[in-house]
file target-v7.txt (compact mmCIF, C-alpha atoms)
# COMPACT_ATOMS: atom_id res chain seq x y z
CA MET L 1 125.78 80.31 200.73
CA LEU L 2 123.16 83.00 201.38
CA ARG L 3 120.33 80.45 201.41
CA ARG L 4 122.21 78.30 203.90
CA ALA L 5 122.79 81.30 206.18
CA HIS L 6 119.03 81.48 206.92
CA ILE L 7 119.05 85.28 207.05
CA PRO L 8 116.71 87.60 205.15
CA VAL L 9 118.05 88.45 201.69
CA VAL L 10 116.10 90.88 199.51
CA GLU L 11 117.06 91.50 195.89
CA THR L 12 115.97 94.80 194.30
CA TRP L 13 115.70 96.51 190.89
CA ASP L 14 115.19 93.19 189.14
CA LEU L 15 112.69 90.35 189.23
CA PRO L 16 114.37 86.94 189.15
CA ALA L 17 112.00 83.98 188.79
CA GLU L 18 113.62 82.29 191.78
CA PRO L 19 115.05 84.90 194.16
CA ILE L 20 117.55 83.88 196.83
CA ASP L 21 114.92 84.71 199.45
CA ALA L 22 112.78 87.70 198.43
CA VAL L 23 112.67 90.34 195.71
CA ALA L 24 111.07 93.76 195.27
CA GLY L 25 111.60 95.06 191.77
CA PHE L 26 110.37 95.18 188.20
CA ASP L 27 110.73 93.19 185.01
CA ASN L 28 113.69 94.64 183.10
CA ARG L 29 112.84 92.63 179.98
CA ALA L 30 109.29 94.01 179.97
CA ALA L 31 110.73 97.52 180.38
CA GLY L 32 112.73 97.11 177.17
CA GLN L 33 109.69 95.71 175.38
CA ALA L 34 107.55 98.67 176.43
CA VAL L 35 110.01 101.19 174.98
CA ALA L 36 110.39 99.34 171.66
CA LEU L 37 106.62 99.07 171.27
CA HIS L 38 106.26 102.78 172.07
CA PHE L 39 108.80 103.67 169.38
CA ALA L 40 107.16 101.36 166.82
CA ALA L 41 103.72 102.85 167.55
CA ALA L 42 105.19 106.34 167.09
CA GLY L 43 106.46 105.40 163.62
CA ARG L 44 110.13 105.13 164.55
CA ARG L 45 111.91 102.47 162.49
CA ARG L 46 115.68 102.61 163.09
CA LEU L 47 116.15 101.90 166.78
CA ALA L 48 119.19 101.78 169.04
CA PHE L 49 119.90 100.70 172.60
CA VAL L 50 122.66 102.36 174.62
CA GLY L 51 123.63 100.61 177.85
CA GLY L 52 126.01 98.35 179.69
CA ASP L 53 126.39 94.61 179.49
CA ASP L 54 125.43 93.94 183.12
CA PRO L 55 122.57 91.45 183.65
CA ARG L 56 119.80 94.05 184.12
CA ALA L 57 120.80 96.12 181.08
CA THR L 58 121.14 92.91 179.07
CA ARG L 59 117.57 91.94 179.99
CA ARG L 60 116.38 95.43 178.95
CA TRP L 61 118.24 95.01 175.65
CA GLY L 62 116.75 91.55 175.07
CA GLY L 63 113.19 92.77 175.58
CA PHE L 64 113.84 95.85 173.42
CA ARG L 65 115.38 93.79 170.59
CA ASP L 66 112.69 91.11 170.64
CA ALA L 67 109.78 93.56 170.74
CA ALA L 68 111.30 95.61 167.90
CA THR L 69 111.75 92.58 165.65
CA GLY L 70 108.32 91.29 166.68
CA ALA L 71 106.89 94.61 165.46
CA GLY L 72 108.53 94.05 162.07
CA LEU L 73 111.52 96.33 162.60
CA ALA L 74 115.16 95.46 161.93
CA VAL L 75 117.31 94.34 164.85
CA PRO L 76 118.20 97.53 166.74
CA THR L 77 121.77 98.73 167.07
CA ARG L 78 123.29 97.98 170.48
CA LEU L 79 126.03 100.22 171.87
CA VAL L 80 127.66 98.83 175.03
CA VAL L 81 129.02 101.66 177.16
CA PRO L 82 129.75 102.48 180.82
CA ARG L 83 126.82 103.73 182.92
CA ASN L 84 127.48 107.49 182.97
CA ALA L 85 126.59 110.67 181.13
CA GLY L 86 130.04 111.02 179.56
CA ALA L 87 129.64 107.63 177.89
CA GLY L 88 126.27 108.78 176.58
CA ILE L 89 127.85 111.84 174.97
CA ALA L 90 130.41 109.62 173.23
CA ALA L 91 127.74 107.10 172.19
CA ALA L 92 125.77 109.77 170.32
CA ALA L 93 128.39 109.67 167.55
CA GLY L 94 127.30 106.10 166.75
CA LEU L 95 123.64 107.03 166.29
CA ASN L 96 123.80 109.00 163.03
CA ASP L 97 121.39 106.77 161.13
CA ARG L 98 119.03 105.99 164.05
CA ASP L 99 115.66 107.66 164.67
CA ALA L 100 115.01 106.41 168.23
CA VAL L 101 117.20 105.50 171.21
CA PHE L 102 116.51 103.68 174.46
CA ALA L 103 119.21 104.47 177.02
CA ALA L 104 119.45 101.94 179.85
CA ASN L 105 119.33 104.71 182.46
CA ASP L 106 118.57 108.41 182.64
CA ALA L 107 122.19 109.47 183.20
CA LEU L 108 123.16 107.84 179.92
CA ALA L 109 120.11 109.35 178.22
CA ILE L 110 121.06 112.85 179.38
CA GLY L 111 124.55 112.29 177.98
CA VAL L 112 123.13 111.00 174.69
CA LEU L 113 120.91 114.08 174.50
CA ALA L 114 123.91 116.36 175.01
CA GLY L 115 125.91 114.50 172.35
CA LEU L 116 123.05 114.61 169.85
CA ARG L 117 122.59 118.35 170.40
CA ARG L 118 126.32 118.95 169.87
CA ALA L 119 126.05 117.05 166.59
CA GLY L 120 123.12 119.24 165.49
CA ARG L 121 120.49 116.50 165.71
CA LEU L 122 117.11 117.71 166.91
CA VAL L 123 115.34 115.72 169.59
CA PRO L 124 112.63 114.53 168.97
CA ASP L 125 112.37 115.82 165.37
CA HIS L 126 115.32 113.77 164.07
CA ILE L 127 115.60 111.22 166.86
CA ALA L 128 113.48 110.22 169.86
CA LEU L 129 115.02 109.33 173.21
CA VAL L 130 113.80 107.42 176.27
CA GLY L 131 115.77 106.73 179.46
CA LEU L 132 115.01 104.77 182.61
CA GLY L 133 114.80 105.94 186.21
CA ASP L 134 112.96 109.28 186.08
CA LEU L 135 115.80 111.36 187.50
CA GLU L 136 114.75 114.86 188.55
CA THR L 137 117.36 116.28 186.16
CA GLY L 138 115.54 114.64 183.26
CA ARG L 139 112.38 116.54 184.13
CA LEU L 140 114.26 119.85 184.38
CA ILE L 141 116.32 119.80 181.18
CA SER L 142 115.04 121.01 177.84
CA PRO L 143 113.71 119.13 176.05
CA SER L 144 112.43 117.16 179.04
CA LEU L 145 113.42 113.48 179.05
CA SER L 146 110.95 110.69 178.34
CA THR L 147 111.64 107.83 180.73
CA LEU L 148 110.49 104.69 182.42
CA ARG L 149 109.54 105.69 185.95
CA ILE L 150 110.66 103.22 188.58
CA ASP L 151 109.40 103.91 192.10
CA GLY L 152 112.67 103.50 193.98
CA GLU L 153 111.10 104.60 197.25
CA ALA L 154 108.47 101.87 196.98
CA ILE L 155 111.19 99.34 196.18
CA GLY L 156 113.09 100.45 199.29
CA ARG L 157 110.05 100.38 201.58
CA THR L 158 109.01 96.99 200.26
CA ALA L 159 112.53 95.60 200.64
CA GLY L 160 112.59 96.83 204.24
CA GLY L 161 109.29 95.10 204.96
CA LEU L 162 110.52 91.87 203.36
CA THR L 163 113.62 92.03 205.53
CA LEU L 164 111.62 92.50 208.74
CA SER L 165 108.98 89.86 208.10
CA ARG L 166 109.27 86.60 206.24
CA ASP L 167 105.49 86.14 206.05
CA GLY L 168 103.52 86.46 202.83
CA VAL L 169 104.56 86.88 199.23
CA ARG L 170 108.34 87.04 198.74
CA ARG L 171 108.41 88.08 195.05
CA LEU L 172 106.85 91.49 194.38
CA ASP L 173 106.70 93.12 190.95
CA LEU L 174 106.34 96.86 191.56
CA GLY L 175 106.26 97.61 187.84
CA PHE L 176 107.22 100.71 185.89
CA GLU L 177 105.46 103.48 184.01
CA LEU L 178 106.39 104.95 180.62
CA ILE L 179 106.43 108.74 180.97
CA VAL L 180 106.41 110.38 177.55
CA ARG L 181 107.81 113.90 177.69
CA GLU L 182 109.37 116.11 175.02
CA THR L 183 112.17 113.77 173.90
CA GLY L 184 110.07 110.89 172.89
call {"tool": "encode", "arguments": {"input": "target-v7.txt", "output": "structure tokens"}}
result
Amino acid sequence: MLRRAHIPVVETWDLPAEPIDAVAGFDNRAAGQAVALHFAAAGRRRLAFVGGDDPRATRRWGGFRDAATGAGLAVPTRLVVPRNAGAGIAAAAGLNDRDAVFAANDALAIGVLAGLRRAGRLVPDHIALVGLGDLETGRLISPSLSTLRIDGEAIGRTAGGLTLSRDGVRRLDLGFELIVRETG
């Protein structure tokens, strides 16, 4: 229906192979892979993923799982939860035997951190933690949150440009950057 409407449509925060019209985003599967490979390189062996079951989180999970098993690790634990800090606090109870966690977004990661601290688990001594989004709060808390930085402003500017002009490339991968701070 949107294709037939012949109006500009710009998808964001993802990178479909065949967008409806245009896309400005990043590869969610590659994001998950990057975190799993980081944990494996750091010597972490018992991984977990905490996130929703929406398409983007599922792609993050798939990349995380596949990179972990490709690195010779067991299939990570997957906890499917709502996308908020409270769910992260509750999820921490299911991470007792894990030594590294990738939370699908920073709000969840901050909740997981709070839950782990309440349970007496030291981050990163007992368990490492990485989120996604680079929320300012994650930089301000202690220990500071490791995260995948997504440049939301660049995504927005690029989406605006794709809406105004239909010339040029219509599928733009703006990437991500792993920022390793105190948690991971």
call {"tool": "atom_distance", "arguments": {"input": "target-v7.txt", "atom1": "atom CA of Ala31 of chain L", "atom2": "atom CA of Val50 of chain L"}}
result
14.1 Å
call {"tool": "residues_around", "arguments": {"input": "target-v7.txt", "residues": "Arg117 of chain L", "least_positions_apart": "2", "cutoff": "12 Å", "atoms": "all atoms listed in the file", "output": "list of chain:residue names"}}
result
L:Gly88, L:Ile89, L:Ala92, L:Ala93, L:Asn96, L:Ile110, L:Gly111, L:Val112, L:Leu113, L:Ala114, L:Gly115, L:Ala119, L:Gly120, L:Arg121, L:Leu122, L:Val123, L:Pro124, L:Asp125, L:His126, L:Ile127, L:Ser142, L:Pro143, L:Thr183
call {"tool": "atom_distance", "arguments": {"input": "target-v7.txt", "atom1": "atom CA of Gly161 of chain L", "atom2": "atom CA of Gly32 of chain L"}}
result
28.1 Å
call {"tool": "residues_around", "arguments": {"input": "target-v7.txt", "residues": "Arg60 of chain L", "least_positions_apart": "4", "cutoff": "9 Å", "atoms": "only C-alpha atoms", "output": "PyMOL selection string"}}
result
chain L and resi 27-33+49+51+55-56+64-65+104
call {"tool": "atom_distance", "arguments": {"input": "target-v7.txt", "atom1": "atom CA of Arg166 of chain L", "atom2": "atom CA of Ala5 of chain L"}}
result
14.5 Å
call {"tool": "residues_around", "arguments": {"input": "target-v7.txt", "residues": "Asp99 of chain L", "least_positions_apart": "2", "cutoff": "7 Å", "atoms": "all atoms listed in the file", "output": "list in words"}}
result
Arg44, Arg45, Arg46, Leu47, Asp97, His126, Ile127 and Ala128 of chain L
call {"tool": "residues_around", "arguments": {"input": "target-v7.txt", "residues": "Arg170 of chain L", "least_positions_apart": "5", "cutoff": "10 Å", "atoms": "all atoms listed in the file", "output": "JSON, numbers by chain"}}
result
{"L": [10, 18, 19, 20, 21, 22, 23, 24, 159, 162, 163, 165]}
call {"tool": "residues_near_point", "arguments": {"input": "target-v7.txt", "point": "(117.7, 103.8, 171.6)", "cutoff": "8 Å", "atoms": "only C-alpha atoms", "output": "CSV table (one decimal) with C-alpha atoms, in the coordinates of the input"}}
result
chain,number,residue,atom,x,y,z
L,47,LEU,CA,116.2,101.9,166.8
L,48,ALA,CA,119.2,101.8,169.0
L,49,PHE,CA,119.9,100.7,172.6
L,50,VAL,CA,122.7,102.4,174.6
L,76,PRO,CA,118.2,97.5,166.7
L,77,THR,CA,121.8,98.7,167.1
L,98,ARG,CA,119.0,106.0,164.0
L,100,ALA,CA,115.0,106.4,168.2
L,101,VAL,CA,117.2,105.5,171.2
L,102,PHE,CA,116.5,103.7,174.5
L,103,ALA,CA,119.2,104.5,177.0
L,128,ALA,CA,113.5,110.2,169.9
L,129,LEU,CA,115.0,109.3,173.2
L,130,VAL,CA,113.8,107.4,176.3
call {"tool": "residues_around", "arguments": {"input": "target-v7.txt", "residues": "Asn84 of chain L", "least_positions_apart": "3", "cutoff": "7 Å", "atoms": "only C-alpha atoms", "output": "number ranges by chain"}}
result
L: 87-88, 107-108
call {"tool": "write_last_selection", "arguments": {"input": "target-v7.txt", "atoms": "C-alpha atoms", "output": "PDB file, in the frame of the given file"}}
result
ATOM      1  CA  ALA L  87     129.640 107.630 177.890  1.00  0.00           C
ATOM      2  CA  GLY L  88     126.270 108.780 176.580  1.00  0.00           C
ATOM      3  CA  ALA L 107     122.190 109.470 183.200  1.00  0.00           C
ATOM      4  CA  LEU L 108     123.160 107.840 179.920  1.00  0.00           C
TER       5      LEU L 108
END
call {"tool": "closest_residue", "arguments": {"input": "target-v7.txt", "among": "L:Leu116, L:Val9, L:Ala91, L:Leu132", "to": "Ala57 of chain L", "atoms": "all atoms listed in the file"}}
result
L:Leu132
call {"tool": "closest_residue", "arguments": {"input": "target-v7.txt", "among": "L:Arg139, L:Ser144, L:Gly133, L:Leu172", "to": "Arg157 of chain L", "atoms": "all atoms listed in the file"}}
result
L:Leu172
call {"tool": "closest_residue", "arguments": {"input": "target-v7.txt", "among": "L:Ala85, L:Ala34, L:Leu79, L:Ala67", "to": "Thr147 of chain L", "atoms": "all atoms listed in the file"}}
result
L:Ala34
call {"tool": "closest_residue", "arguments": {"input": "target-v7.txt", "among": "L:Val169, L:Ala109, L:Ala36, L:Leu2", "to": "Thr69 of chain L", "atoms": "all atoms listed in the file"}}
result
L:Ala36
call {"tool": "closest_residue", "arguments": {"input": "target-v7.txt", "among": "L:Gly184, L:Asp54, L:Gly25, L:Arg78", "to": "Gly156 of chain L", "atoms": "all atoms listed in the file"}}
result
L:Gly25
call {"tool": "closest_residue", "arguments": {"input": "target-v7.txt", "among": "L:Leu37, L:Thr158, L:Gly175, L:Asp106", "to": "Glu136 of chain L", "atoms": "all atoms listed in the file"}}
result
L:Asp106
